[in-house]
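Note sheet for the following structure.
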Amino acid sequence: MNIEIKDLRFTYPTGLEALKGISLTINAGEQVAIVGQNGAGKTTLVRHFNGLLRPSAGSVWVGEWDTAKYSVAKLASRVGYVFQNPDEQLFSRDVLTEVAFGPKNLGYAKDKVDELVKRALSLTELNDQTETNPYDLSPTWRKMVALASIIAMDTPIVIFDEPTTGQDAVSVARIANVIAELKKEDKTVIAITHDIDFCAENFERVIALSNGGVLLDGEAHDVLAQEEILAQTYVDPPQLTRLGKMLGLKDTVINQEEFLKAVGQD
Amino acid sequence: MALVTLQNVTYKYPLTKTPVLQNINLQVNEGEFVAVVGPNGAGKSTLCYALAGFVPHFFKGEISGSIEVDGKESSKSTLDEWVLNVGLAFQNPFNQISGAKYTVFEEIAFGLENIGVPRSEMKARVDEAMSLTGISDLADRSPYSLSGGQQQRVALTSILVMRPRLLVLDEPTSQMDPIGTREVFGVVRKMAEEGMTVVMVEHKVEWIAHFADRVIALKEGQILLEGKPNKVLTSDVLMENGFGVSRYTSVAREAKKQGSWKQDKLPVTLFEAAEGFAPTPSPSPRERGESKK
Ligand SMILES: Nc1ncnc2c1ncn2[C@@H]1O[C@H](COP(=O)(O)OP(=O)(O)OP(=O)(O)O)[C@@H](O)[C@H]1O
Ligand SMILES: Nc1ncnc2c1ncn2[C@@H]1O[C@H](COP(=O)(O)OP(=O)(O)OP(=O)(O)O)[C@@H](O)[C@H]1O
Ligand SMILES: [Mg+2]
Ligand SMILES: [Mg+2]
């Protein structure tokens with residue numbers, strides 16, 4: 001199911017207008033990264049997809065549902081959202097209860113719940129932490145618990161808000177693997193990230209937000225090459241893109257494979 | 001002159017079975033900017049807590065060895081005394097907001113207020129600190145009505161404004177956009193030039209290589225390597241131990257096998273990589289707006 005955003009505006013109760021007219025379609029099964037400077041409106045935008053925020057004007061549709069007419073609980077069956085701050089999301093006293101809460105709440109049969117929880121725990125490598133209190137884990141592992149509890153809900157749309165912050169190389173690879181698994185199942189994956197190299201390596205489409213509006217939207221390869229425009233929203237192109245440009249390579253490269261190929265030909 | 005001296009520090013939380021820090025020996029000179037890198041669970045935050053007095057004063061547990069800052073020993077001081085010299089920005093900035101204040105300005109002034117800094121001086125110091133971290137325009141906002149990166153800037157500013165002798169930063173740019181990240185490294189560098197001593201945990205190795213004086217690589221509670229940034233960050237030991245490396249380092253390592261990287265030394269920064277790959281001299285870092293220090 002698609003997400004259809006039509007002329008979305010949002011003003012916080014403080015009077016601050018955080019979204020100033022956004023229109024986008026996110027297609028079923030797409031892997032989309034949202035980038036842009038601090039305060040650009042990334043978190044505000046995705047919180048509209050699961051009803052945590054309601055449009056001040058315009059509309060957001062998830063499939064044939066107008067989100068304005070559905071509760072957060074109802075929307076949770078279609079859209080999973082991993083918070084930027086895991087502590088806003090976690091509340092259970094052990095990892096197993098936390099991860100099982102979502103699928104139970106969606107009313108799945110016990111067998112199905114067990115299966116979903118098992119898979120989520122194994123994808124996030126939390127198998128041996130089921131009895132641990134999430135608050136005894138480091139912030140990086142708490143984020144992994146938050147991620148597990150959302151993917152266990154098996155929603156067609158999954159949103160990650162800054163999944164890789166503080167994660168080491170092994171954990172970033174684990175998160176990349178989760179995204180690849182979700183893709184195989186034709187799920188829509190939306191990730192907000194400042195980690196532009198991670199973005200280049202794992203996403204097909206990139207949307208750059210700036211000051212409450214869409215600055216760029218397109219294939220990762222095209223968007224990430226727009227150095228001057230990205231700079232307006234404080235985003236640097238990927239490391240190897242910057243290097244390729246500095247060396248005067250003809251084509252834009254965004255990852256190691258492309259770079260080595262281009263350098264080999266020179 | 002060493003401001004910080006750790007001797008044979010071994011520490012275990014009340015709930016951990018094995019030590020989380022093992023026999024750590026470390027000296028940091030006054031005005032030095034030291035970066036700490038390491039995989040998840042290496043003990044980086046615990047090291048920060050030990051420097052900031054929370055280990056063992058707050059977390060309890062078993063500690064041996066000695067931790068000295070400015071000639072005073074942690075075990076012989078109270079936490080209240082200790083925090084006058086040492087400021088810590090926590091890994092999760094969302095938990096650092098005091099909850100006691102209505103505006104960002106008051107939030108940042110909170111610590112100064114507690115130590116009785118006069119009102120007039122306070123205003124000047126808060127304004128200065130806010131302009132350093134680029135949040136002057138947030139002064140009247142509520143600390144709870146901010147984006148993730150904005151909250152992290154507020155948390156950092158509330159530490160900087162205290163002007164501690166030792167500044168301990170636990171992943172201070174984790175929520176920040178690339179320009180913000182570079183600015184924070186720049187501000188920290190400037191503080192170090194002015195004599196503040198800095199220990200900063202970070203994963204963004206490209207910027208560590210640009211700005212830090214020395215790198216400590218921590219794994220399983222032990223110092224695996226330490227030394228000049230380029231030397232540590234390009235070491236095979238780090239790669240074999242699951243540390244994050246810069247894309248420039250990994251691509252040059254591959255290119256070396258192909259023959260298109262000809263130097264012995266591997267790059268960590270854009271400029272080092274461009275120099276090594278370029279057939280002709282490449283633009284200076286200043287032309288790229290990335291001047292070092
Ligand atoms: N609860 C709130 N009340 C009022 N204003 C808010 C609130 N949350 C965010 N804002 C403001 O709305 C704007 C957009 O914030 P948002 O959190 O969407 O940014 P973001 O793109 O996710 O940034 P970051 O990368 O720093 O997380 C910012 O100016 C922010 O200060
Ligand atoms: N309060 C605590 N009680 C018990 N064990 C703890 C506590 N805090 C951390 N630990 C454990 O100590 C070890 C080191 O944790 P620490 O948070 O210092 O690592 P880190 O290098 O900062 O990791 P990360 O990159 O995930 O932040 C880990 O095994 C962790 O589970
Ligand atoms: Mg955000
Ligand atoms: Mg840590």
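To be explicit about the labels: the chains of the structure tokens are called A, B, and onward in the order shown, and within each one the residues are counted from 1, while ligands get numbers from 1 in the order they are shown.
Neighbours of ligand 2 at a cut-off of 7 Å, computed so that only C-alpha atoms and all ligand atoms are counted, are the residues Asp136, Leu137, Ser138, Pro139, Thr140, Trp141, Gly166, Gln167 and Asp168 of chain A; Tyr13, Pro14, Leu15, Thr16, Val20, Gly38, Pro39, Asn40, Gly41, Ala42, Gly43, Lys44, Ser45, Thr46, Leu47 and Phe59 of chain B.
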Please dump the current selection as a short mmCIF file (atom, residue, chain, number, x, y, z; two decimals), in the first residue's frame; keep N, CA and C atoms.
data_model
loop_
_atom_site.label_atom_id
_atom_site.label_comp_id
_atom_site.auth_asym_id
_atom_site.auth_seq_id
_atom_site.Cartn_x
_atom_site.Cartn_y
_atom_site.Cartn_z
N ASP A 136 18.67 -1.91 31.56
CA ASP A 136 20.02 -2.36 31.91
C ASP A 136 20.91 -2.49 30.68
N LEU A 137 20.34 -2.22 29.51
CA LEU A 137 21.13 -2.28 28.29
C LEU A 137 21.66 -0.89 27.94
N SER A 138 22.75 -0.86 27.16
CA SER A 138 23.27 0.44 26.73
C SER A 138 22.30 1.06 25.73
N PRO A 139 22.38 2.39 25.52
CA PRO A 139 21.45 3.04 24.60
C PRO A 139 21.45 2.39 23.21
N THR A 140 22.60 1.91 22.77
CA THR A 140 22.66 1.30 21.44
C THR A 140 21.85 0.00 21.40
N TRP A 141 21.91 -0.79 22.46
CA TRP A 141 21.11 -2.02 22.48
C TRP A 141 19.64 -1.72 22.75
N GLY A 166 25.23 5.91 16.98
CA GLY A 166 25.96 5.23 18.05
C GLY A 166 26.25 3.76 17.79
N GLN A 167 25.78 3.22 16.67
CA GLN A 167 26.00 1.79 16.41
C GLN A 167 27.38 1.57 15.79
N ASP A 168 28.04 0.50 16.21
CA ASP A 168 29.35 0.18 15.63
C ASP A 168 29.18 -0.51 14.28
N TYR B 13 30.63 -3.14 37.44
CA TYR B 13 29.32 -2.66 37.95
C TYR B 13 28.79 -3.68 38.95
N PRO B 14 27.87 -3.27 39.83
CA PRO B 14 27.32 -4.24 40.78
C PRO B 14 26.77 -5.48 40.08
N LEU B 15 26.20 -5.31 38.88
CA LEU B 15 25.54 -6.44 38.22
C LEU B 15 26.41 -7.20 37.21
N THR B 16 27.56 -6.65 36.84
CA THR B 16 28.37 -7.37 35.84
C THR B 16 29.27 -8.39 36.54
N VAL B 20 34.43 -4.33 33.56
CA VAL B 20 34.06 -3.60 32.35
C VAL B 20 35.24 -2.71 31.92
N GLY B 38 35.71 2.70 19.74
CA GLY B 38 35.58 1.30 20.15
C GLY B 38 34.21 0.78 19.80
N PRO B 39 34.09 -0.54 19.65
CA PRO B 39 32.78 -1.11 19.33
C PRO B 39 31.78 -0.97 20.48
N ASN B 40 30.53 -1.28 20.23
CA ASN B 40 29.49 -1.22 21.27
C ASN B 40 29.88 -2.15 22.41
N GLY B 41 29.68 -1.66 23.62
CA GLY B 41 29.97 -2.49 24.80
C GLY B 41 31.44 -2.50 25.19
N ALA B 42 32.28 -1.72 24.50
CA ALA B 42 33.72 -1.72 24.77
C ALA B 42 34.04 -1.15 26.15
N GLY B 43 33.14 -0.30 26.67
CA GLY B 43 33.41 0.35 27.95
C GLY B 43 33.67 1.84 27.80
N LYS B 44 33.35 2.39 26.64
CA LYS B 44 33.60 3.82 26.38
C LYS B 44 32.82 4.71 27.34
N SER B 45 31.52 4.43 27.48
CA SER B 45 30.71 5.25 28.39
C SER B 45 31.16 5.05 29.83
N THR B 46 31.53 3.83 30.16
CA THR B 46 31.99 3.56 31.53
C THR B 46 33.26 4.35 31.82
N LEU B 47 34.15 4.43 30.85
CA LEU B 47 35.36 5.25 31.00
C LEU B 47 34.97 6.73 31.22
N PHE B 59 27.36 4.89 40.46
CA PHE B 59 27.02 3.53 40.05
C PHE B 59 27.45 2.47 41.07
#
Within 6 Å of ligand 1, which residues of chain B show up? Give each one with its shortest atom-to-atom distance in Å (one decimal) and the two atoms involved, counting only C-alpha atoms and all ligand atoms, rows by chain then rising residue number, as a Markdown table.
| residue | atom | partner | partner_atom_place_in_ligand_line | distance |
| --- | --- | --- | --- | --- |
| B:Ser145 | CA | ligand 1 | 2 (C) | 3.5 |
| B:Leu146 | CA | ligand 1 | 31 (O) | 3.9 |
| B:Ser147 | CA | ligand 1 | 17 (O) | 3.5 |
| B:Gly148 | CA | ligand 1 | 27 (O) | 3.7 |
| B:Gly149 | CA | ligand 1 | 26 (O) | 3.3 |
| B:Gln150 | CA | ligand 1 | 26 (O) | 5.4 |
For Ile135 in chain B: contacts at 9 Å, only C-alpha atoms, fewer than 2 positions along chain excluded, given as a short mmCIF file (atom, residue, chain, number, x, y, z; two decimals) with N, CA, C and O atoms, in the first residue's frame:
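Listing of around.cif after writing:
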data_model
loop_
_atom_site.label_atom_id
_atom_site.label_comp_id
_atom_site.auth_asym_id
_atom_site.auth_seq_id
_atom_site.Cartn_x
_atom_site.Cartn_y
_atom_site.Cartn_z
N ALA B 129 28.13 30.85 24.95
CA ALA B 129 28.10 29.41 24.71
C ALA B 129 27.07 29.06 23.64
O ALA B 129 27.31 28.22 22.77
N MET B 130 25.90 29.74 23.67
CA MET B 130 24.87 29.44 22.68
C MET B 130 25.31 29.84 21.28
O MET B 130 24.97 29.18 20.31
N SER B 131 26.10 30.91 21.19
CA SER B 131 26.51 31.29 19.85
C SER B 131 27.58 30.33 19.33
O SER B 131 27.62 30.01 18.15
N LEU B 132 28.42 29.80 20.24
CA LEU B 132 29.42 28.79 19.83
C LEU B 132 28.77 27.56 19.20
O LEU B 132 29.28 27.02 18.22
N THR B 133 27.66 27.11 19.77
CA THR B 133 27.03 25.89 19.27
C THR B 133 25.88 26.19 18.29
O THR B 133 25.16 25.29 17.89
N ASP B 137 19.23 31.29 18.39
CA ASP B 137 17.83 31.52 18.03
C ASP B 137 16.86 30.58 18.77
O ASP B 137 15.65 30.72 18.65
N LEU B 138 17.39 29.66 19.56
CA LEU B 138 16.49 28.77 20.32
C LEU B 138 16.30 29.25 21.76
O LEU B 138 15.56 28.61 22.53
N ALA B 139 16.94 30.35 22.14
CA ALA B 139 17.00 30.78 23.54
C ALA B 139 15.65 30.77 24.26
O ALA B 139 15.55 30.33 25.40
N GLN B 150 18.69 19.44 17.87
CA GLN B 150 18.62 20.68 18.66
C GLN B 150 18.76 20.35 20.15
O GLN B 150 19.47 21.05 20.88
N ARG B 153 22.35 19.75 20.95
CA ARG B 153 23.11 21.00 21.04
C ARG B 153 22.89 21.68 22.38
O ARG B 153 23.81 22.22 22.97
N VAL B 154 21.65 21.65 22.87
CA VAL B 154 21.35 22.27 24.17
C VAL B 154 22.11 21.53 25.28
O VAL B 154 22.74 22.15 26.14
N THR B 157 25.73 22.47 25.11
CA THR B 157 25.96 23.86 25.52
C THR B 157 25.89 24.00 27.04
O THR B 157 26.66 24.76 27.64
#
### Message
At a cut-off of 8 Å, using only C-alpha atoms, what residues contact Leu112 in chain B? Leave out same-chain residues fewer than 5 positions from it and give the result as a PyMOL selection string.
### Response
chain B and resi 117+122+161-162
Export of prior selection with C-alpha atoms as a compact mmCIF listing (two decimals), in the first residue's frame:
# COMPACT_ATOMS: atom_id res chain seq x y z
CA VAL B 117 27.51 32.83 39.30
CA MET B 122 25.69 34.44 33.69
CA VAL B 161 28.98 26.98 29.61
CA MET B 162 30.43 25.59 32.87
### Task
List the neighbours of range 219-227 of chain B out to 10 Å using only C-alpha atoms; skip same-chain residues closer than 4 positions along the sequence, and give me the result as a ChimeraX atom specification.
/B:10-11,18-26,34-44,46-47,213-215,231-233,235,237-238,241-243
